[in-house]
>>> print(open('work_34.txt').read())   # compact mmCIF, C-alpha atoms
# COMPACT_ATOMS: atom_id res chain seq x y z
CA MET A 1 -13.98 6.19 -21.95
CA LYS A 2 -13.96 9.42 -20.02
CA PRO A 3 -13.80 8.78 -16.25
CA LYS A 4 -16.88 9.63 -14.27
CA GLU A 5 -16.64 12.69 -12.08
CA ILE A 6 -16.71 11.85 -8.39
CA LEU A 7 -18.89 14.23 -6.40
CA LEU A 8 -20.51 14.21 -2.99
CA ASN A 9 -23.96 14.01 -4.48
CA THR A 10 -26.01 13.02 -1.45
CA GLN A 11 -26.43 14.38 2.03
CA HIS A 12 -25.50 10.89 3.30
CA GLU A 13 -22.09 11.10 1.61
CA LYS A 14 -21.50 14.59 3.01
CA ASP A 15 -22.52 13.43 6.48
CA LEU A 16 -20.00 10.56 6.27
CA VAL A 17 -17.18 12.96 5.42
CA ASP A 18 -18.17 15.23 8.31
CA GLU A 19 -18.50 12.28 10.71
CA PHE A 20 -15.17 10.60 10.02
CA GLY A 21 -13.07 13.66 9.19
CA ASP A 22 -9.40 12.67 9.43
CA ASP A 23 -10.12 9.28 11.00
CA HIS A 24 -9.01 6.17 9.17
CA VAL A 25 -12.07 4.45 7.82
CA THR A 26 -12.27 1.72 5.21
CA SER A 27 -15.04 -0.57 4.05
CA SER A 28 -13.11 -3.47 2.48
CA TYR A 29 -9.66 -4.98 2.18
CA GLU A 30 -9.94 -4.46 -1.58
CA THR A 31 -8.68 -1.11 -2.85
CA PRO A 32 -11.77 0.87 -3.96
CA LEU A 33 -11.52 1.17 -7.76
CA ARG A 34 -14.12 2.06 -10.37
CA PRO A 35 -14.90 -0.54 -13.08
CA ASP A 36 -13.45 1.79 -15.72
CA ALA A 37 -10.22 2.42 -13.78
CA PHE A 38 -7.98 1.11 -16.58
CA ASP A 39 -9.93 2.08 -19.69
CA MET A 40 -7.54 5.00 -20.09
CA SER A 41 -3.90 4.40 -21.07
CA ASP A 42 -1.05 5.42 -18.77
CA ASP A 43 0.01 8.10 -21.25
CA GLU A 44 -3.46 9.63 -21.28
CA LYS A 45 -3.63 9.53 -17.49
CA ILE A 46 -0.27 11.32 -17.28
CA LYS A 47 -1.45 13.96 -19.74
CA GLN A 48 -4.66 14.65 -17.84
CA ILE A 49 -3.07 14.62 -14.38
CA GLU A 50 -0.42 17.03 -15.66
CA GLY A 51 -3.11 19.48 -16.73
CA HIS A 52 -5.04 19.20 -13.48
CA PHE A 53 -1.92 19.56 -11.32
CA ARG A 54 -0.84 22.59 -13.34
CA GLU A 55 -4.19 24.16 -12.47
CA ILE A 56 -3.74 23.34 -8.78
CA MET A 57 -0.36 25.07 -8.81
CA ASN A 58 -1.91 28.07 -10.58
CA ILE A 59 -4.66 28.30 -7.97
CA MET A 60 -2.00 28.26 -5.24
CA GLY A 61 -0.34 31.25 -6.91
CA LEU A 62 2.86 29.55 -8.04
CA ASP A 63 4.69 30.97 -11.06
CA LEU A 64 4.89 28.16 -13.60
CA ASN A 65 7.18 30.25 -15.80
CA ASP A 66 9.91 29.74 -13.21
CA ASP A 67 12.54 27.24 -14.42
CA SER A 68 12.28 25.22 -11.22
CA LEU A 69 8.48 24.86 -11.40
CA SER A 70 7.74 24.66 -15.11
CA GLY A 71 8.30 20.90 -15.33
CA THR A 72 6.67 20.01 -12.01
CA PRO A 73 3.16 19.14 -13.29
CA LYS A 74 4.53 16.53 -15.70
CA ARG A 75 6.97 15.16 -13.14
CA VAL A 76 4.18 14.74 -10.60
CA ALA A 77 1.89 13.10 -13.17
CA LYS A 78 4.56 10.56 -14.21
CA MET A 79 5.41 9.88 -10.57
CA PHE A 80 1.75 9.18 -9.73
CA VAL A 81 1.13 6.80 -12.64
CA LYS A 82 4.50 5.09 -13.11
CA GLU A 83 5.91 5.06 -9.59
CA VAL A 84 4.14 5.77 -6.31
CA PHE A 85 0.68 4.54 -7.43
CA SER A 86 1.80 1.92 -9.94
CA GLY A 87 0.43 -0.81 -7.65
CA LEU A 88 -3.11 0.19 -8.63
CA ASN A 89 -2.66 -1.42 -12.04
CA PRO A 90 -3.05 -5.23 -11.97
CA ALA A 91 -0.73 -5.40 -14.99
CA ASN A 92 2.10 -4.59 -12.55
CA LYS A 93 1.27 -7.41 -10.15
CA PRO A 94 4.35 -9.62 -9.58
CA HIS A 95 4.14 -13.22 -10.68
CA ALA A 96 5.20 -15.52 -7.86
CA ARG A 97 6.66 -18.73 -9.26
CA LEU A 98 6.49 -21.68 -6.89
CA PHE A 99 9.33 -24.15 -6.31
CA GLU A 100 9.39 -27.54 -4.64
CA ASN A 101 10.48 -27.44 -1.00
CA LYS A 102 13.31 -29.86 -1.73
CA TYR A 103 14.95 -29.30 1.66
CA LYS A 104 11.77 -30.48 3.42
CA TYR A 105 12.03 -27.39 5.62
CA ASP A 106 8.87 -27.47 7.72
CA GLN A 107 9.60 -24.65 10.15
CA MET A 108 8.78 -20.97 9.98
CA LEU A 109 10.57 -18.80 7.41
CA VAL A 110 10.79 -15.13 8.39
CA GLU A 111 11.71 -12.14 6.25
CA LYS A 112 11.81 -9.03 8.39
CA ASP A 113 12.53 -5.33 7.94
CA ILE A 114 11.18 -5.06 4.39
CA THR A 115 11.20 -1.31 3.78
CA PHE A 116 8.10 0.12 2.13
CA TYR A 117 6.81 3.53 1.07
CA SER A 118 3.13 4.15 0.54
CA HIS A 119 0.65 7.05 0.65
CA CYS A 120 -2.26 7.71 2.98
CA GLU A 121 -5.44 7.71 0.90
CA HIS A 122 -6.98 10.45 3.07
CA HIS A 123 -4.36 13.15 2.47
CA PHE A 124 -2.01 11.62 -0.15
CA VAL A 125 1.03 12.07 2.07
CA PRO A 126 3.63 9.35 2.70
CA ILE A 127 3.37 6.32 4.95
CA PHE A 128 6.67 4.49 5.40
CA GLY A 129 8.07 1.77 7.57
CA LYS A 130 8.86 -1.94 7.79
CA VAL A 131 6.94 -5.11 6.95
CA HIS A 132 7.76 -8.41 8.63
CA VAL A 133 6.54 -11.62 7.00
CA ALA A 134 6.57 -15.26 8.08
CA TYR A 135 5.15 -18.42 6.56
CA ILE A 136 5.28 -22.18 6.96
CA SER A 137 5.58 -24.07 3.69
CA SER A 138 2.86 -26.47 2.62
CA GLY A 139 5.31 -28.10 0.19
CA LYS A 140 6.12 -25.11 -2.02
CA VAL A 141 8.36 -22.05 -1.64
CA ILE A 142 8.90 -18.82 -3.56
CA GLY A 143 12.02 -16.73 -4.08
CA LEU A 144 12.64 -14.27 -1.27
CA SER A 145 12.64 -11.31 -3.65
CA LYS A 146 9.04 -12.12 -4.61
CA ILE A 147 7.95 -11.48 -1.03
CA ASN A 148 9.48 -8.00 -1.27
CA ARG A 149 7.82 -7.42 -4.64
CA ILE A 150 4.40 -8.37 -3.28
CA VAL A 151 4.88 -5.91 -0.40
CA GLN A 152 5.89 -3.12 -2.81
CA TYR A 153 3.01 -3.84 -5.20
CA TYR A 154 0.37 -3.32 -2.53
CA ALA A 155 2.24 -0.41 -0.93
CA LYS A 156 2.34 1.54 -4.22
CA ARG A 157 -1.24 2.76 -4.09
CA PRO A 158 -3.28 5.07 -1.86
CA GLN A 159 -3.54 3.03 1.31
CA VAL A 160 -4.82 2.52 4.82
CA GLN A 161 -2.34 0.56 6.93
CA GLU A 162 -4.92 -1.98 8.06
CA ARG A 163 -5.86 -2.73 4.44
CA LEU A 164 -2.23 -2.94 3.36
CA THR A 165 -1.54 -5.52 6.08
CA VAL A 166 -4.48 -7.70 5.06
CA GLN A 167 -3.73 -7.41 1.32
CA ILE A 168 -0.13 -8.53 1.77
CA SER A 169 -1.25 -11.42 3.98
CA LYS A 170 -3.93 -12.70 1.65
CA GLU A 171 -1.73 -12.39 -1.43
CA LEU A 172 1.09 -14.35 0.24
CA GLN A 173 -1.39 -16.99 1.36
CA LYS A 174 -2.58 -17.34 -2.22
CA ALA A 175 0.89 -17.19 -3.79
CA LEU A 176 2.39 -19.72 -1.36
CA ASN A 177 -0.63 -22.02 -1.32
CA THR A 178 -0.52 -22.15 2.48
CA GLU A 179 -2.85 -21.08 5.26
CA ASP A 180 0.08 -20.41 7.59
CA VAL A 181 1.08 -16.77 7.08
CA GLY A 182 1.82 -13.94 9.51
CA VAL A 183 2.40 -10.27 8.66
CA VAL A 184 3.33 -7.37 10.94
CA VAL A 185 3.61 -3.76 9.75
CA ASP A 186 5.27 -0.88 11.66
CA ALA A 187 4.81 2.50 10.02
CA THR A 188 5.14 6.25 10.35
CA HIS A 189 2.28 8.33 8.93
CA LEU A 190 3.15 11.82 7.76
CA CYS A 191 -0.53 12.74 7.96
CA VAL A 192 0.10 12.53 11.73
CA ALA A 193 3.71 13.71 11.83
CA SER A 194 3.81 16.59 9.33
CA ARG A 195 0.26 17.97 9.65
CA GLY A 196 -2.69 17.82 12.00
CA VAL A 197 -1.53 16.85 15.48
CA GLY A 198 2.14 17.07 14.42
CA ASP A 199 3.30 14.06 16.45
CA THR A 200 6.71 13.13 15.03
CA ASN A 201 7.45 10.28 17.44
CA SER A 202 4.48 7.92 17.24
CA LYS A 203 4.32 4.83 15.04
CA THR A 204 1.43 2.61 14.04
CA GLY A 205 1.52 -1.18 14.26
CA THR A 206 -0.79 -3.67 12.58
CA ALA A 207 -0.71 -7.47 12.35
CA TYR A 208 -2.59 -10.20 10.53
CA PHE A 209 -2.23 -13.88 11.42
CA MET A 210 -3.63 -16.90 9.60
CA GLY A 211 -3.46 -20.66 10.09
CA LYS A 212 -0.85 -21.79 12.61
CA PHE A 213 0.11 -18.17 13.31
CA LYS A 214 -3.14 -17.79 15.24
CA GLU A 215 -1.69 -20.24 17.78
CA ASN A 216 0.12 -18.44 20.61
CA GLN A 217 3.29 -20.53 20.41
CA THR A 218 3.83 -19.89 16.68
CA LYS A 219 2.73 -16.26 16.91
CA ASN A 220 5.09 -15.56 19.83
CA GLU A 221 8.01 -17.25 18.06
CA PHE A 222 7.45 -14.94 15.09
CA LEU A 223 7.07 -11.81 17.23
CA ASN A 224 10.12 -12.66 19.34
CA TYR A 225 12.20 -13.10 16.22
CA ILE A 226 11.23 -9.79 14.60
CA ASN A 227 11.81 -7.96 17.90
CA SER A 228 15.29 -9.43 18.34
CA LYS A 229 18.31 -7.45 17.18
>>> encode(input="work_34.txt", output="structure tokens")
Amino acid sequence: MKPKEILLNTQHEKDLVDEFGDDHVTSSYETPLRPDAFDMSDDEKIKQIEGHFREIMNIMGLDLNDDSLSGTPKRVAKMFVKEVFSGLNPANKPHARLFENKYKYDQMLVEKDITFYSHCEHHFVPIFGKVHVAYISSGKVIGLSKINRIVQYYAKRPQVQERLTVQISKELQKALNTEDVGVVVDATHLCVASRGVGDTNSKTGTAYFMGKFKENQTKNEFLNYINSK
């Protein structure tokens, strides 16, 4: 099925774009996808993106006969589909196998400084930083690498940091079968650093706490740990 063309068809839609401009606005913690998002194969997506990106480069006046540029449209297309936006496809979602908590460990488990790379959905430029995760087992545990894979899965799509934080939290809650999950994200946005205001020093922090992590004692224990050296 050929994808539907997305246009600003109504004055309301145009007014929204004018109103929000560069501001971060999102309507749901679910990534906005069309129902036909995966009707097309990855190979067909790569082929079409390659053609469209070639045209963008032509419009910009770049010489695609140059050896350095001639392969760029295909490289970009493959990167979009297979790498930096691969988290859009639910077929790539990591399977989190649960194990019995045989050690009867009933305290907080923290995995901090998980490096992630994502892209701002407003300008398609990088967001990168660290994710810190904590949970309290309800009787089951998962391998530590699966936590990293869940973070990377949701990072590899056009994102808003607030949505990314909530998506990681809710997926871990579901995967671990526990209400007690906390997630903190510290990130640098190149839409702020490399364009627009050009602020290269600022960082953005978001947090999402569920279950026992809404209690000050548990929350502060988590925050103190991730802030310790």
>>> atom_distance(input="work_34.txt", atom1="atom CA of Thr218 of chain A", atom2="atom CA of Lys174 of chain A")
20.1 Å
>>> closest_residue(input="work_34.txt", among="A:Val133, A:Glu50, A:Lys93, A:Ser138", to="Gln107 of chain A", atoms="all atoms listed in the file")
A:Ser138
>>> residues_around(input="work_34.txt", residues="Glu44 of chain A", least_positions_apart="3", cutoff="12 Å", atoms="all atoms listed in the file", output="VMD selection string")
chain A and resid 1 to 3 38 to 41 47 to 51 74 77 to 78 81
>>> residues_around(input="work_34.txt", residues="Ala96 of chain A", least_positions_apart="3", cutoff="9 Å", atoms="only C-alpha atoms", output="ChimeraX atom specification")
/A:142-143,146-147,150,175-176
>>> write_last_selection(input="work_34.txt", atoms="C-alpha atoms", output="mmCIF file, in the coordinates of the input")
data_model
loop_
_atom_site.group_PDB
_atom_site.id
_atom_site.type_symbol
_atom_site.label_atom_id
_atom_site.label_comp_id
_atom_site.auth_asym_id
_atom_site.auth_seq_id
_atom_site.Cartn_x
_atom_site.Cartn_y
_atom_site.Cartn_z
ATOM 1 C CA ILE A 142 8.900 -18.820 -3.560
ATOM 2 C CA GLY A 143 12.020 -16.730 -4.080
ATOM 3 C CA LYS A 146 9.040 -12.120 -4.610
ATOM 4 C CA ILE A 147 7.950 -11.480 -1.030
ATOM 5 C CA ILE A 150 4.400 -8.370 -3.280
ATOM 6 C CA ALA A 175 0.890 -17.190 -3.790
ATOM 7 C CA LEU A 176 2.390 -19.720 -1.360
#
>>> closest_residue(input="work_34.txt", among="A:Asp36, A:Asp180, A:Glu30, A:Glu111", to="Val160 of chain A", atoms="only C-alpha atoms")
A:Glu30
>>> atom_distance(input="work_34.txt", atom1="atom CA of Asn227 of chain A", atom2="atom CA of Lys156 of chain A")
25.9 Å
>>> closest_residue(input="work_34.txt", among="A:His132, A:Lys170, A:Lys203, A:Lys212", to="Ile226 of chain A", atoms="only C-alpha atoms")
A:His132
>>> atom_distance(input="work_34.txt", atom1="atom CA of Cys191 of chain A", atom2="atom CA of Val125 of chain A")
6.1 Å
>>> closest_residue(input="work_34.txt", among="A:Val192, A:Leu64, A:Met57, A:Val110", to="Asn224 of chain A", atoms="all atoms listed in the file")
A:Val110
>>> closest_residue(input="work_34.txt", among="A:Gly139, A:Ala37, A:Leu69, A:Asp42", to="Arg54 of chain A", atoms="only C-alpha atoms")
A:Leu69
>>> closest_residue(input="work_34.txt", among="A:Val141, A:Val84, A:Val76, A:Cys120", to="Leu172 of chain A", atoms="all atoms listed in the file")
A:Val141
>>> decode(input="work_34.txt", residues="segment 140-170 of chain A", atoms="N, CA and C atoms", output="PDB file, in the first residue's frame")
ATOM      1  N   LYS A 140      10.220 -11.492  40.277  1.00  0.00           N
ATOM      2  CA  LYS A 140      10.877 -11.841  39.021  1.00  0.00           C
ATOM      3  C   LYS A 140      11.958 -10.808  38.709  1.00  0.00           C
ATOM      4  N   VAL A 141      12.966 -11.240  37.942  1.00  0.00           N
ATOM      5  CA  VAL A 141      14.024 -10.342  37.486  1.00  0.00           C
ATOM      6  C   VAL A 141      14.277 -10.597  36.008  1.00  0.00           C
ATOM      7  N   ILE A 142      14.936  -9.642  35.350  1.00  0.00           N
ATOM      8  CA  ILE A 142      15.370  -9.848  33.970  1.00  0.00           C
ATOM      9  C   ILE A 142      16.869  -9.602  33.889  1.00  0.00           C
ATOM     10  N   GLY A 143      17.494 -10.108  32.838  1.00  0.00           N
ATOM     11  CA  GLY A 143      18.920  -9.875  32.639  1.00  0.00           C
ATOM     12  C   GLY A 143      19.197  -8.387  32.484  1.00  0.00           C
ATOM     13  N   LEU A 144      20.320  -7.947  33.008  1.00  0.00           N
ATOM     14  CA  LEU A 144      20.644  -6.518  32.958  1.00  0.00           C
ATOM     15  C   LEU A 144      20.723  -5.999  31.535  1.00  0.00           C
ATOM     16  N   SER A 145      21.211  -6.808  30.617  1.00  0.00           N
ATOM     17  CA  SER A 145      21.341  -6.346  29.229  1.00  0.00           C
ATOM     18  C   SER A 145      19.994  -6.025  28.610  1.00  0.00           C
ATOM     19  N   LYS A 146      18.927  -6.675  29.099  1.00  0.00           N
ATOM     20  CA  LYS A 146      17.588  -6.417  28.555  1.00  0.00           C
ATOM     21  C   LYS A 146      17.117  -5.014  28.905  1.00  0.00           C
ATOM     22  N   ILE A 147      17.541  -4.503  30.058  1.00  0.00           N
ATOM     23  CA  ILE A 147      17.205  -3.123  30.408  1.00  0.00           C
ATOM     24  C   ILE A 147      17.814  -2.174  29.391  1.00  0.00           C
ATOM     25  N   ASN A 148      19.096  -2.408  29.062  1.00  0.00           N
ATOM     26  CA  ASN A 148      19.757  -1.585  28.046  1.00  0.00           C
ATOM     27  C   ASN A 148      19.042  -1.681  26.700  1.00  0.00           C
ATOM     28  N   ARG A 149      18.632  -2.890  26.338  1.00  0.00           N
ATOM     29  CA  ARG A 149      17.989  -3.090  25.031  1.00  0.00           C
ATOM     30  C   ARG A 149      16.632  -2.373  24.965  1.00  0.00           C
ATOM     31  N   ILE A 150      15.916  -2.370  26.069  1.00  0.00           N
ATOM     32  CA  ILE A 150      14.638  -1.650  26.105  1.00  0.00           C
ATOM     33  C   ILE A 150      14.878  -0.151  25.925  1.00  0.00           C
ATOM     34  N   VAL A 151      15.894   0.379  26.599  1.00  0.00           N
ATOM     35  CA  VAL A 151      16.243   1.795  26.440  1.00  0.00           C
ATOM     36  C   VAL A 151      16.566   2.101  24.983  1.00  0.00           C
ATOM     37  N   GLN A 152      17.403   1.267  24.365  1.00  0.00           N
ATOM     38  CA  GLN A 152      17.824   1.528  22.977  1.00  0.00           C
ATOM     39  C   GLN A 152      16.650   1.407  22.015  1.00  0.00           C
ATOM     40  N   TYR A 153      15.757   0.469  22.258  1.00  0.00           N
ATOM     41  CA  TYR A 153      14.607   0.274  21.369  1.00  0.00           C
ATOM     42  C   TYR A 153      13.759   1.541  21.295  1.00  0.00           C
ATOM     43  N   TYR A 154      13.460   2.126  22.438  1.00  0.00           N
ATOM     44  CA  TYR A 154      12.621   3.321  22.428  1.00  0.00           C
ATOM     45  C   TYR A 154      13.395   4.575  22.030  1.00  0.00           C
ATOM     46  N   ALA A 155      14.715   4.558  22.212  1.00  0.00           N
ATOM     47  CA  ALA A 155      15.523   5.707  21.790  1.00  0.00           C
ATOM     48  C   ALA A 155      15.649   5.774  20.271  1.00  0.00           C
ATOM     49  N   LYS A 156      15.627   4.609  19.608  1.00  0.00           N
ATOM     50  CA  LYS A 156      15.866   4.568  18.163  1.00  0.00           C
ATOM     51  C   LYS A 156      14.589   4.843  17.375  1.00  0.00           C
ATOM     52  N   ARG A 157      14.102   6.056  17.554  1.00  0.00           N
ATOM     53  CA  ARG A 157      12.935   6.544  16.823  1.00  0.00           C
ATOM     54  C   ARG A 157      12.911   8.061  16.994  1.00  0.00           C
ATOM     55  N   PRO A 158      12.214   8.795  16.154  1.00  0.00           N
ATOM     56  CA  PRO A 158      12.058  10.229  16.414  1.00  0.00           C
ATOM     57  C   PRO A 158      11.379  10.410  17.766  1.00  0.00           C
ATOM     58  N   GLN A 159      11.963  11.250  18.617  1.00  0.00           N
ATOM     59  CA  GLN A 159      11.516  11.281  20.006  1.00  0.00           C
ATOM     60  C   GLN A 159      11.343  12.685  20.558  1.00  0.00           C
ATOM     61  N   VAL A 160      10.621  12.738  21.645  1.00  0.00           N
ATOM     62  CA  VAL A 160      10.569  13.851  22.590  1.00  0.00           C
ATOM     63  C   VAL A 160      11.025  13.259  23.913  1.00  0.00           C
ATOM     64  N   GLN A 161      11.897  13.946  24.640  1.00  0.00           N
ATOM     65  CA  GLN A 161      12.503  13.337  25.826  1.00  0.00           C
ATOM     66  C   GLN A 161      11.461  12.912  26.854  1.00  0.00           C
ATOM     67  N   GLU A 162      10.409  13.710  27.027  1.00  0.00           N
ATOM     68  CA  GLU A 162       9.377  13.351  27.982  1.00  0.00           C
ATOM     69  C   GLU A 162       8.729  12.017  27.606  1.00  0.00           C
ATOM     70  N   ARG A 163       8.435  11.851  26.320  1.00  0.00           N
ATOM     71  CA  ARG A 163       7.816  10.604  25.856  1.00  0.00           C
ATOM     72  C   ARG A 163       8.766   9.432  26.033  1.00  0.00           C
ATOM     73  N   LEU A 164      10.027   9.626  25.686  1.00  0.00           N
ATOM     74  CA  LEU A 164      11.022   8.566  25.836  1.00  0.00           C
ATOM     75  C   LEU A 164      11.082   8.079  27.279  1.00  0.00           C
ATOM     76  N   THR A 165      11.068   9.005  28.224  1.00  0.00           N
ATOM     77  CA  THR A 165      11.139   8.657  29.642  1.00  0.00           C
ATOM     78  C   THR A 165       9.945   7.804  30.065  1.00  0.00           C
ATOM     79  N   VAL A 166       8.755   8.215  29.634  1.00  0.00           N
ATOM     80  CA  VAL A 166       7.542   7.474  29.997  1.00  0.00           C
ATOM     81  C   VAL A 166       7.517   6.107  29.312  1.00  0.00           C
ATOM     82  N   GLN A 167       7.919   6.045  28.044  1.00  0.00           N
ATOM     83  CA  GLN A 167       7.898   4.768  27.318  1.00  0.00           C
ATOM     84  C   GLN A 167       8.827   3.746  27.960  1.00  0.00           C
ATOM     85  N   ILE A 168      10.026   4.168  28.329  1.00  0.00           N
ATOM     86  CA  ILE A 168      10.952   3.256  28.998  1.00  0.00           C
ATOM     87  C   ILE A 168      10.351   2.779  30.316  1.00  0.00           C
ATOM     88  N   SER A 169       9.781   3.698  31.072  1.00  0.00           N
ATOM     89  CA  SER A 169       9.213   3.357  32.382  1.00  0.00           C
ATOM     90  C   SER A 169       8.087   2.343  32.266  1.00  0.00           C
ATOM     91  N   LYS A 170       7.166   2.599  31.365  1.00  0.00           N
ATOM     92  CA  LYS A 170       6.003   1.726  31.238  1.00  0.00           C
ATOM     93  C   LYS A 170       6.384   0.363  30.668  1.00  0.00           C
TER      94      LYS A 170
END
